[in-house]
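Chemist: Hey, dropping target_33.txt in here, compact mmCIF, C-alpha atoms:
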```txt
# COMPACT_ATOMS: atom_id res chain seq x y z
CA ASN A 936 -13.42 -37.10 -71.57
CA VAL A 937 -16.26 -38.70 -73.55
CA GLU A 938 -13.89 -40.33 -76.06
CA LYS A 939 -12.03 -42.22 -73.32
CA THR A 940 -15.10 -43.02 -71.22
CA LYS A 941 -16.84 -46.34 -71.92
CA ILE A 942 -19.79 -48.28 -70.51
CA LEU A 943 -19.30 -51.94 -69.58
CA ILE A 944 -22.37 -53.90 -68.47
CA PHE A 945 -21.51 -57.18 -66.75
CA SER A 946 -23.86 -59.81 -68.12
CA LYS A 947 -23.66 -63.30 -69.60
CA GLY A 948 -26.57 -62.68 -71.94
CA PRO A 949 -26.59 -60.76 -75.23
CA LEU A 950 -25.16 -57.25 -75.28
CA ALA A 951 -27.77 -54.88 -73.88
CA LYS A 952 -28.96 -52.22 -76.33
CA ARG A 953 -28.89 -49.32 -73.92
CA HIS A 954 -27.63 -45.82 -74.49
CA PHE A 955 -25.82 -43.67 -71.97
CA TYR A 956 -25.21 -39.98 -72.42
CA TYR A 957 -22.97 -37.31 -70.96
CA ASN A 958 -23.72 -33.70 -71.91
CA GLU A 959 -25.90 -35.05 -74.75
CA SER A 960 -22.93 -37.04 -76.12
CA ILE A 961 -23.46 -40.80 -76.36
CA ILE A 962 -21.00 -43.02 -74.45
CA GLU A 963 -19.91 -46.20 -76.21
CA ASN A 964 -21.10 -49.51 -74.77
CA VAL A 965 -18.19 -52.01 -74.97
CA LYS A 966 -17.68 -55.73 -74.36
CA GLU A 967 -14.36 -55.31 -72.52
CA PHE A 968 -12.34 -52.55 -70.90
CA LYS A 969 -8.77 -52.32 -69.62
CA TYR A 970 -8.53 -50.76 -66.17
CA LEU A 971 -5.17 -50.44 -64.37
CA GLY A 972 -3.64 -52.98 -66.74
CA ILE A 973 -6.33 -55.64 -66.24
CA VAL A 974 -8.81 -56.44 -69.01
CA PHE A 975 -12.36 -56.73 -67.64
CA SER A 976 -14.82 -58.66 -69.80
CA ARG A 977 -18.58 -58.31 -69.65
CA SER A 978 -18.93 -62.03 -68.84
CA GLY A 979 -16.89 -61.61 -65.66
CA SER A 980 -14.19 -63.96 -66.94
CA PHE A 981 -10.50 -63.03 -66.75
CA CYS A 982 -9.45 -65.18 -69.73
CA LYS A 983 -8.64 -62.15 -71.86
CA ALA A 984 -6.85 -60.51 -68.95
CA LYS A 985 -4.60 -63.57 -68.55
CA LYS A 986 -4.00 -63.72 -72.30
CA HIS A 987 -3.00 -60.04 -72.33
CA LEU A 988 -0.63 -60.50 -69.37
CA CYS A 989 0.93 -63.55 -71.02
CA GLU A 990 1.57 -61.57 -74.20
CA GLN A 991 3.26 -58.80 -72.22
CA ALA A 992 5.25 -61.31 -70.15
CA GLN A 993 6.39 -63.09 -73.30
CA LYS A 994 7.81 -59.83 -74.67
CA ALA A 995 9.69 -59.32 -71.39
CA MET A 996 10.85 -62.95 -71.52
CA TYR A 997 12.42 -62.56 -74.96
CA GLY A 998 14.15 -59.40 -73.73
CA VAL A 999 15.64 -61.42 -70.87
CA ILE A 1000 16.72 -64.18 -73.27
CA ARG A 1001 18.56 -61.62 -75.42
CA LYS A 1002 20.48 -60.43 -72.35
CA ILE A 1003 21.26 -64.02 -71.39
CA ARG A 1004 22.79 -64.67 -74.82
CA GLN A 1005 24.64 -61.36 -74.85
CA PHE A 1006 26.35 -61.79 -71.48
CA ASN A 1007 26.40 -65.62 -71.21
CA LEU A 1008 24.85 -65.49 -67.75
CA PRO A 1009 24.94 -68.44 -65.32
CA ILE A 1010 21.78 -70.48 -64.73
CA SER A 1011 21.07 -69.05 -61.29
CA CYS A 1012 21.20 -65.52 -62.71
CA GLN A 1013 18.86 -66.53 -65.54
CA PHE A 1014 16.29 -67.83 -63.06
CA ASP A 1015 16.67 -64.68 -60.98
CA LEU A 1016 16.10 -62.46 -64.02
CA PHE A 1017 12.89 -64.32 -64.81
CA ASP A 1018 11.65 -63.85 -61.24
CA LYS A 1019 12.54 -60.16 -61.22
CA VAL A 1020 11.53 -59.12 -64.76
CA VAL A 1021 9.01 -61.58 -66.22
CA LEU A 1022 7.15 -63.01 -63.23
CA PRO A 1023 5.83 -59.64 -61.91
CA VAL A 1024 4.27 -59.00 -65.34
CA LEU A 1025 2.91 -62.53 -65.61
CA ILE A 1026 1.08 -62.56 -62.25
CA TYR A 1027 0.13 -58.88 -62.07
CA GLY A 1028 -3.22 -58.57 -60.30
CA CYS A 1029 -3.37 -62.32 -59.59
CA GLU A 1030 -4.92 -61.57 -56.19
CA VAL A 1031 -8.12 -60.95 -58.14
CA TRP A 1032 -8.01 -63.38 -61.09
CA GLY A 1033 -5.90 -66.18 -59.57
CA TYR A 1034 -8.92 -68.41 -58.92
CA GLU A 1035 -9.20 -69.21 -62.64
CA ASN A 1036 -7.27 -71.86 -64.58
CA LEU A 1037 -3.55 -71.05 -64.47
CA GLN A 1038 -2.29 -73.37 -67.21
CA VAL A 1039 -1.85 -70.56 -69.74
CA VAL A 1040 0.32 -68.71 -67.19
CA GLU A 1041 2.39 -71.78 -66.30
CA ARG A 1042 2.99 -72.41 -70.00
CA ILE A 1043 5.10 -69.23 -70.20
CA HIS A 1044 7.19 -70.39 -67.23
CA LEU A 1045 7.86 -73.83 -68.74
CA LYS A 1046 8.55 -72.31 -72.15
CA PHE A 1047 11.27 -70.14 -70.63
CA LEU A 1048 12.87 -73.03 -68.73
CA LYS A 1049 12.89 -75.34 -71.75
CA HIS A 1050 14.25 -72.58 -73.96
CA ILE A 1051 17.25 -71.69 -71.78
CA LEU A 1052 17.96 -75.37 -71.12
CA GLN A 1053 17.61 -76.20 -74.85
CA LEU A 1054 15.06 -78.95 -74.23
CA LYS A 1055 12.27 -80.14 -76.51
CA SER A 1056 8.78 -78.84 -75.85
CA SER A 1057 7.71 -82.46 -75.26
CA THR A 1058 10.06 -82.86 -72.30
CA PRO A 1059 8.02 -83.98 -69.25
CA SER A 1060 7.35 -81.12 -66.85
CA PHE A 1061 8.42 -83.13 -63.82
CA MET A 1062 11.92 -83.43 -65.32
CA VAL A 1063 12.14 -79.69 -65.96
CA TYR A 1064 11.01 -78.88 -62.42
CA GLY A 1065 13.22 -81.57 -60.96
CA GLU A 1066 16.44 -80.50 -62.70
CA THR A 1067 15.95 -76.80 -61.98
CA GLY A 1068 14.35 -77.04 -58.53
CA ARG A 1069 11.67 -74.59 -59.66
CA PHE A 1070 8.08 -74.56 -58.39
CA PRO A 1071 4.98 -73.89 -60.52
CA ILE A 1072 3.55 -70.38 -60.74
CA TYR A 1073 0.43 -71.32 -58.75
CA VAL A 1074 2.52 -71.33 -55.54
CA ASN A 1075 3.16 -67.59 -55.99
CA VAL A 1076 -0.40 -66.89 -57.11
CA TYR A 1077 -2.17 -68.68 -54.25
CA SER A 1078 0.15 -67.32 -51.56
CA ARG A 1079 -0.46 -63.77 -52.85
CA MET A 1080 -4.21 -64.38 -52.93
CA ILE A 1081 -4.11 -65.59 -49.32
CA SER A 1082 -2.08 -62.54 -48.32
CA TYR A 1083 -4.65 -60.25 -49.97
CA TRP A 1084 -7.48 -62.17 -48.29
CA ALA A 1085 -5.79 -61.68 -44.92
CA LYS A 1086 -5.64 -57.92 -45.54
CA LEU A 1087 -9.34 -57.83 -46.35
CA SER A 1088 -10.41 -59.95 -43.39
CA THR A 1089 -8.43 -57.90 -40.86
CA GLY A 1090 -8.79 -54.45 -42.44
CA CYS A 1091 -10.63 -51.37 -41.17
CA ASP A 1092 -14.42 -51.64 -41.20
CA ASN A 1093 -14.88 -48.17 -42.69
CA LYS A 1094 -13.27 -48.99 -46.05
CA ILE A 1095 -15.62 -49.79 -48.90
CA VAL A 1096 -13.56 -52.85 -49.94
CA ASN A 1097 -13.81 -54.30 -46.42
CA VAL A 1098 -17.53 -53.59 -46.23
CA LEU A 1099 -18.06 -55.41 -49.53
CA TYR A 1100 -15.85 -58.29 -48.39
CA LYS A 1101 -17.73 -58.82 -45.14
CA PHE A 1102 -21.07 -58.67 -46.96
CA LEU A 1103 -19.96 -61.29 -49.51
CA TYR A 1104 -18.37 -63.43 -46.78
CA THR A 1105 -21.68 -63.54 -44.92
CA GLN A 1106 -23.56 -64.37 -48.11
CA TYR A 1107 -21.05 -67.11 -49.00
CA ASN A 1108 -21.14 -68.72 -45.55
CA ASN A 1109 -24.95 -68.73 -45.63
CA ASP A 1110 -24.91 -70.41 -49.06
CA THR A 1111 -26.83 -67.45 -50.44
CA VAL A 1112 -24.34 -66.85 -53.27
CA LYS A 1113 -21.58 -68.80 -54.97
CA ASN A 1114 -18.38 -66.87 -55.45
CA PRO A 1115 -15.41 -68.51 -57.25
CA TRP A 1116 -12.89 -66.23 -55.52
CA PHE A 1117 -14.17 -67.18 -52.05
CA GLU A 1118 -14.29 -70.84 -53.08
CA CYS A 1119 -10.65 -70.69 -54.17
CA ILE A 1120 -9.49 -69.06 -50.92
CA HIS A 1121 -11.49 -71.57 -48.88
CA ARG A 1122 -10.11 -74.51 -50.90
CA VAL A 1123 -6.47 -73.37 -50.60
CA LEU A 1124 -6.79 -72.96 -46.83
CA ASN A 1125 -8.37 -76.41 -46.58
CA ILE A 1126 -5.72 -78.22 -48.61
CA CYS A 1127 -3.00 -76.46 -46.61
CA GLY A 1128 -4.54 -77.58 -43.31
CA PHE A 1129 -5.72 -74.13 -42.21
CA SER A 1130 -9.46 -74.70 -42.24
CA ASN A 1131 -9.85 -73.19 -38.77
CA ILE A 1132 -8.34 -69.88 -39.92
CA TRP A 1133 -11.17 -69.44 -42.43
CA HIS A 1134 -13.65 -69.15 -39.57
CA GLN A 1135 -11.47 -66.90 -37.36
CA GLN A 1136 -11.05 -64.10 -39.93
CA LYS A 1137 -10.08 -61.36 -37.47
CA HIS A 1138 -7.04 -63.15 -36.02
CA VAL A 1139 -4.91 -63.69 -39.12
CA ASN A 1140 -1.25 -62.69 -39.35
CA GLU A 1141 -0.83 -61.71 -42.99
CA LYS A 1142 2.90 -62.35 -43.28
CA TRP A 1143 2.77 -65.65 -41.41
CA ILE A 1144 -0.19 -67.09 -43.33
CA LYS A 1145 1.38 -66.14 -46.69
CA ASN A 1146 4.67 -67.90 -45.88
CA ALA A 1147 2.92 -70.89 -44.28
CA VAL A 1148 0.64 -71.43 -47.29
CA ALA A 1149 3.55 -71.08 -49.72
CA GLN A 1150 5.57 -73.69 -47.80
CA ARG A 1151 2.64 -76.13 -47.60
CA LEU A 1152 2.00 -75.77 -51.33
CA LYS A 1153 5.67 -76.42 -52.07
CA ASP A 1154 5.70 -79.53 -49.87
CA GLN A 1155 2.57 -80.84 -51.56
CA PHE A 1156 4.00 -80.13 -55.01
CA ILE A 1157 7.14 -82.14 -54.20
CA GLN A 1158 4.91 -85.09 -53.30
CA THR A 1159 2.99 -84.68 -56.57
CA TRP A 1160 6.26 -84.35 -58.48
CA SER A 1161 7.53 -87.59 -56.93
CA ASN A 1162 4.32 -89.42 -57.85
CA ASP A 1163 4.48 -88.14 -61.44
CA MET A 1164 8.07 -89.30 -61.72
CA PHE A 1165 7.32 -92.81 -60.47
CA ASN A 1166 4.14 -93.19 -62.53
CA SER A 1167 5.63 -91.99 -65.81
CA SER A 1168 7.11 -94.43 -68.31
CA LYS A 1169 9.68 -91.79 -69.23
CA GLY A 1170 10.75 -91.55 -65.61
CA LYS A 1171 11.85 -95.19 -65.38
CA ILE A 1172 15.56 -94.35 -65.59
CA TYR A 1173 15.27 -90.76 -64.37
CA ARG A 1174 14.09 -91.81 -60.93
CA THR A 1175 17.12 -94.08 -60.46
CA PHE A 1176 19.48 -91.10 -60.19
CA LYS A 1177 17.10 -88.27 -59.25
CA LEU A 1178 16.69 -88.86 -55.54
CA ASP A 1179 15.75 -85.41 -54.19
CA PHE A 1180 13.90 -82.40 -55.56
CA GLY A 1181 16.20 -79.45 -56.17
CA CYS A 1182 18.41 -77.66 -58.67
CA GLU A 1183 21.21 -79.89 -59.91
CA LYS A 1184 24.72 -78.59 -59.23
CA TYR A 1185 26.05 -79.55 -62.67
CA LEU A 1186 23.89 -76.79 -64.19
CA GLU A 1187 26.20 -74.26 -62.53
CA LYS A 1188 29.52 -76.11 -62.52
CA LEU A 1189 29.76 -77.53 -66.03
CA PRO A 1190 30.50 -75.42 -69.12
CA LYS A 1191 27.43 -74.81 -71.25
CA LYS A 1192 28.39 -77.38 -73.91
CA PHE A 1193 28.76 -80.28 -71.47
CA ARG A 1194 25.88 -79.09 -69.31
CA THR A 1195 23.54 -79.29 -72.28
CA ILE A 1196 24.74 -82.76 -73.28
CA LEU A 1197 24.28 -84.17 -69.77
CA LEU A 1198 20.94 -82.41 -69.34
CA LYS A 1199 19.57 -83.84 -72.59
CA PHE A 1200 20.79 -87.31 -71.66
CA ARG A 1201 19.05 -87.13 -68.28
CA THR A 1202 15.76 -85.76 -69.65
CA THR A 1203 15.27 -88.15 -72.64
CA ASN A 1204 16.21 -85.44 -75.16
CA HIS A 1205 18.29 -87.92 -77.15
CA ARG A 1206 18.03 -90.45 -79.96
CA LEU A 1207 18.74 -93.65 -78.10
CA PRO A 1208 16.59 -96.60 -79.24
CA VAL A 1209 14.56 -96.50 -76.04
CA GLU A 1210 13.36 -93.02 -77.06
CA THR A 1211 13.17 -93.34 -80.85
CA GLY A 1212 11.17 -96.55 -80.42
CA ARG A 1213 8.56 -94.57 -78.54
CA TRP A 1214 8.09 -92.28 -81.54
CA ILE A 1215 6.96 -95.21 -83.72
CA ASN A 1216 5.02 -96.97 -80.95
CA MET A 1217 7.49 -99.84 -80.78
CA PRO A 1218 6.92 -102.17 -77.78
CA TYR A 1219 9.32 -101.38 -74.96
CA ASN A 1220 10.89 -104.86 -74.94
CA ASP A 1221 11.75 -104.56 -78.65
CA ARG A 1222 13.86 -101.41 -78.22
CA SER A 1223 17.09 -103.37 -78.05
CA CYS A 1224 20.64 -102.13 -78.55
CA VAL A 1225 21.90 -102.13 -82.15
CA LEU A 1226 25.56 -101.73 -81.18
CA CYS A 1227 26.19 -104.82 -79.09
CA ASN A 1228 23.67 -107.13 -80.83
CA THR A 1229 21.99 -108.20 -77.62
CA SER A 1230 18.41 -108.24 -76.47
CA LYS A 1231 19.10 -105.70 -73.73
CA ILE A 1232 16.92 -102.59 -73.72
CA ALA A 1233 18.91 -99.69 -75.17
CA ASP A 1234 18.09 -97.19 -72.42
CA GLU A 1235 20.28 -94.60 -70.70
CA PHE A 1236 21.45 -97.10 -68.09
CA HIS A 1237 22.60 -99.56 -70.76
CA TYR A 1238 24.59 -96.93 -72.66
```
Would you mind writing the structure in this file as structure tokens?
Modeler:
Amino acid sequence: NVEKTKILIFSKGPLAKRHFYYNESIIENVKEFKYLGIVFSRSGSFCKAKKHLCEQAQKAMYGVIRKIRQFNLPISCQFDLFDKVVLPVLIYGCEVWGYENLQVVERIHLKFLKHILQLKSSTPSFMVYGETGRFPIYVNVYSRMISYWAKLSTGCDNKIVNVLYKFLYTQYNNDTVKNPWFECIHRVLNICGFSNIWHQQKHVNEKWIKNAVAQRLKDQFIQTWSNDMFNSSKGKIYRTFKLDFGCEKYLEKLPKKFRTILLKFRTTNHRLPVETGRWINMPYNDRSCVLCNTSKIADEFHY
């Protein structure tokens, strides 16, 4: 079908002025092409692919939010719906494009969490993760990439994908070529403490390495989360009552009205002087209580 067939030349230079024909009919030369749901760009970048997936995931997300409002679902069910309906769309094909910047993907995740919790968009991410016990999307992406890598490294030698993999692996190890996908796999294994597995290749248990990498990434994120909480000025009070990472029980036990009030109080989504003073760049020591006429800082602990 000449109308559906396109030519895509991968190049970072100007678009090549070449003509391709089939049965004397010219085939269009395009800058991008969608194949199996993934948008391939002539530059080799997956930015447009991620943007397209985010748009599709956002549509699915709003569909989930409508169901949440309609049936007044509990928090745990809302999280589960996101993981079952939205997340598969959001990280579709991430085994291939996951080495690129994942901020645009994580933005959808945080947007959903802040929406269902009725929090401001400026709420610190470490508070959102801490209250819900959720992990960033990159944990799923990197663990799936490692699982795919394990399949390639231990697969049959007569498959074209395995032949290409082994060729590129040899080129990468010899510093002949630089490949961002290989660099990402190598980096993830290194930061997870599995550097030796990179050199073994043939002796990799796919299921074990996927679970092990996911657990290491989660442990490391909890450490990062703790550091962010202690280094943030907004976390000064939050860290006094948030001792462990995990979903807070009050999100399930309290009615929605009281859950929202307590959640906003804990995550600085309020209008106490300690927060409103920040909006006008008032020095911290000047944000005193206006109710008791003292010089005490009007923070959550004081109230």
Chemist: In Å to one decimal, how far is CA of Cys1119 (chain A) from CA of Cys989 (chain A)?
Modeler: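 According to the coordinates, CA of Cys989 (chain A) and CA of Cys1119 (chain A) are separated by 21.7 Å.
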Chemist: Could the residues of region 1102-1214 of chain A that have an atom at most 10 Å from region 996-1011 of chain A be listed as CSV, each with its closest atom pair and the distance in Å to one decimal, counting all atoms listed in the file and ordered by chain and ascending residue number?
Modeler:
```
residue,atom,partner,partner_atom,distance
A:Cys1182,CA,A:Ser1011,CA,9.4
A:Leu1186,CA,A:Ile1010,CA,6.7
A:Glu1187,CA,A:Ile1010,CA,6.2
A:Lys1188,CA,A:Pro1009,CA,9.4
A:Pro1190,CA,A:Pro1009,CA,9.7
A:Lys1191,CA,A:Pro1009,CA,9.1
```
Chemist: What's the 10 Å shell around Glu1183 (chain A), counting only C-alpha atoms, without same-chain residues fewer than 3 positions away, as a list in words?
Modeler: Gly1065, Glu1066, Thr1067, Gly1068, Lys1177, Asp1179, Phe1180, Leu1186, Glu1187, Lys1188 and Leu1198 of chain A
Chemist: Which residues are close to Ser980 (chain A), i.e. within 10 Å by only C-alpha atoms, leaving aside same-chain residues fewer than 5 positions away? Reply as a list of chain:residue names.
Modeler: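 The filter keeps A:Phe945, A:Lys947, A:Val974, A:Phe975, A:Lys985, A:Trp1032, A:Glu1035.
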Chemist: Give me the residues near Asn1204 (chain A) as a PyMOL selection string, where near means some atom within 12 Å (using only C-alpha atoms) and where sequence neighbours in that chain fewer than 5 positions away do not count.
Modeler: chain A and resi 1049+1052-1059+1062-1063+1169+1195-1199+1209-1211+1235
Chemist: To one decimal in Å, tell me the separation between CA of Phe1102 (chain A) and CA of Leu1087 (chain A).
Modeler: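 Atom-to-atom, CA of Phe1102 (chain A) to CA of Leu1087 (chain A), that is 11.8 Å.
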Chemist: Report as a list in words all protein, DNA and RNA residues lying within 10 Å of Lys966 (chain A), evaluated on all atoms listed in the file, omitting residues in the same chain fewer than 6 positions from it.
Modeler: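 That gives Lys941, Ile942, Leu943, Ile944, Phe945, Ser946, Leu950, Phe975, Ser976, Arg977 and Ser978 of chain A.
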Chemist: Which residues come within 10 Å of Phe1200 (chain A), counting all atoms listed in the file, excluding same-chain residues fewer than 6 positions away, as a list in words?
Modeler: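 Selected residues are Tyr1173, Arg1194, Arg1206, Leu1207 and Glu1235 of chain A.
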Chemist: Give the answer as one residue: which of A:Lys1145, A:His1134, A:Lys1153, A:Arg1079 has the shortest atom-to-atom distance to Tyr1064 (chain A), using only C-alpha atoms?
Modeler: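 Smallest distance to Tyr1064 (chain A) is found for A:Lys1153.
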Chemist: Between A:Asp1018, A:Asp1154, A:Glu990, A:Glu959, which is the closest to Ile1126 (chain A) once you count only C-alpha atoms?
Modeler: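 When distances to Ile1126 (chain A) are compared using only C-alpha atoms, the smallest one comes from A:Asp1154.
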Chemist: For all heavy atoms, please extract region 1121-1131 of chain A from the block and return it as a compact mmCIF listing (two decimals), in the first residue's frame.
Modeler:
```txt
# COMPACT_ATOMS: atom_id res chain seq x y z
N HIS A 1121 24.25 -0.40 31.75
CA HIS A 1121 25.50 -0.54 32.50
C HIS A 1121 25.45 0.31 33.78
O HIS A 1121 25.86 -0.15 34.86
CB HIS A 1121 26.67 -0.10 31.61
CG HIS A 1121 27.99 -0.58 32.10
ND1 HIS A 1121 29.17 -0.34 31.43
CD2 HIS A 1121 28.34 -1.28 33.22
CE1 HIS A 1121 30.17 -0.89 32.10
NE2 HIS A 1121 29.69 -1.46 33.19
N ARG A 1122 24.92 1.52 33.68
CA ARG A 1122 24.86 2.42 34.84
C ARG A 1122 23.91 1.89 35.90
O ARG A 1122 24.22 1.91 37.10
CB ARG A 1122 24.40 3.81 34.38
CG ARG A 1122 24.39 4.84 35.50
CD ARG A 1122 23.94 6.20 35.04
NE ARG A 1122 22.54 6.25 34.70
CZ ARG A 1122 22.06 6.30 33.47
NH1 ARG A 1122 22.88 6.30 32.43
NH2 ARG A 1122 20.76 6.35 33.23
N VAL A 1123 22.75 1.38 35.48
CA VAL A 1123 21.77 0.86 36.45
C VAL A 1123 22.35 -0.35 37.19
O VAL A 1123 22.20 -0.46 38.41
CB VAL A 1123 20.46 0.47 35.72
CG1 VAL A 1123 19.52 -0.27 36.67
CG2 VAL A 1123 19.77 1.71 35.18
N LEU A 1124 23.02 -1.24 36.47
CA LEU A 1124 23.63 -2.39 37.12
C LEU A 1124 24.71 -1.96 38.10
O LEU A 1124 24.86 -2.53 39.19
CB LEU A 1124 24.22 -3.34 36.07
CG LEU A 1124 23.20 -4.10 35.22
CD1 LEU A 1124 23.90 -4.89 34.11
CD2 LEU A 1124 22.37 -5.05 36.08
N ASN A 1125 25.46 -0.93 37.74
CA ASN A 1125 26.53 -0.44 38.61
C ASN A 1125 25.96 0.17 39.90
O ASN A 1125 26.44 -0.14 41.00
CB ASN A 1125 27.39 0.60 37.89
CG ASN A 1125 28.34 -0.03 36.89
OD1 ASN A 1125 28.64 -1.23 36.98
ND2 ASN A 1125 28.81 0.75 35.94
N ILE A 1126 24.95 1.02 39.77
CA ILE A 1126 24.42 1.68 40.96
C ILE A 1126 23.65 0.71 41.86
O ILE A 1126 23.47 0.98 43.05
CB ILE A 1126 23.50 2.87 40.60
CG1 ILE A 1126 22.26 2.41 39.82
CG2 ILE A 1126 24.27 3.91 39.80
CD1 ILE A 1126 21.30 3.53 39.49
N CYS A 1127 23.24 -0.42 41.28
CA CYS A 1127 22.55 -1.44 42.08
C CYS A 1127 23.51 -2.48 42.65
O CYS A 1127 23.09 -3.41 43.35
CB CYS A 1127 21.48 -2.14 41.23
SG CYS A 1127 20.08 -1.09 40.80
N GLY A 1128 24.80 -2.33 42.35
CA GLY A 1128 25.80 -3.25 42.89
C GLY A 1128 25.91 -4.55 42.14
O GLY A 1128 26.37 -5.56 42.70
N PHE A 1129 25.53 -4.56 40.86
CA PHE A 1129 25.60 -5.78 40.05
C PHE A 1129 26.56 -5.62 38.88
O PHE A 1129 26.29 -6.09 37.77
CB PHE A 1129 24.20 -6.15 39.52
CG PHE A 1129 23.21 -6.44 40.61
CD1 PHE A 1129 22.00 -5.75 40.66
CD2 PHE A 1129 23.48 -7.39 41.58
CE1 PHE A 1129 21.07 -6.01 41.65
CE2 PHE A 1129 22.55 -7.66 42.58
CZ PHE A 1129 21.35 -6.97 42.62
N SER A 1130 27.67 -4.96 39.12
CA SER A 1130 28.63 -4.71 38.05
C SER A 1130 29.16 -6.00 37.45
O SER A 1130 29.42 -6.09 36.24
CB SER A 1130 29.80 -3.87 38.59
OG SER A 1130 29.33 -2.67 39.15
N ASN A 1131 29.33 -7.02 38.29
CA ASN A 1131 29.89 -8.28 37.80
C ASN A 1131 28.96 -8.98 36.81
O ASN A 1131 29.42 -9.68 35.90
CB ASN A 1131 30.17 -9.22 38.97
CG ASN A 1131 28.91 -9.52 39.78
OD1 ASN A 1131 28.14 -8.63 40.10
ND2 ASN A 1131 28.70 -10.78 40.12
```
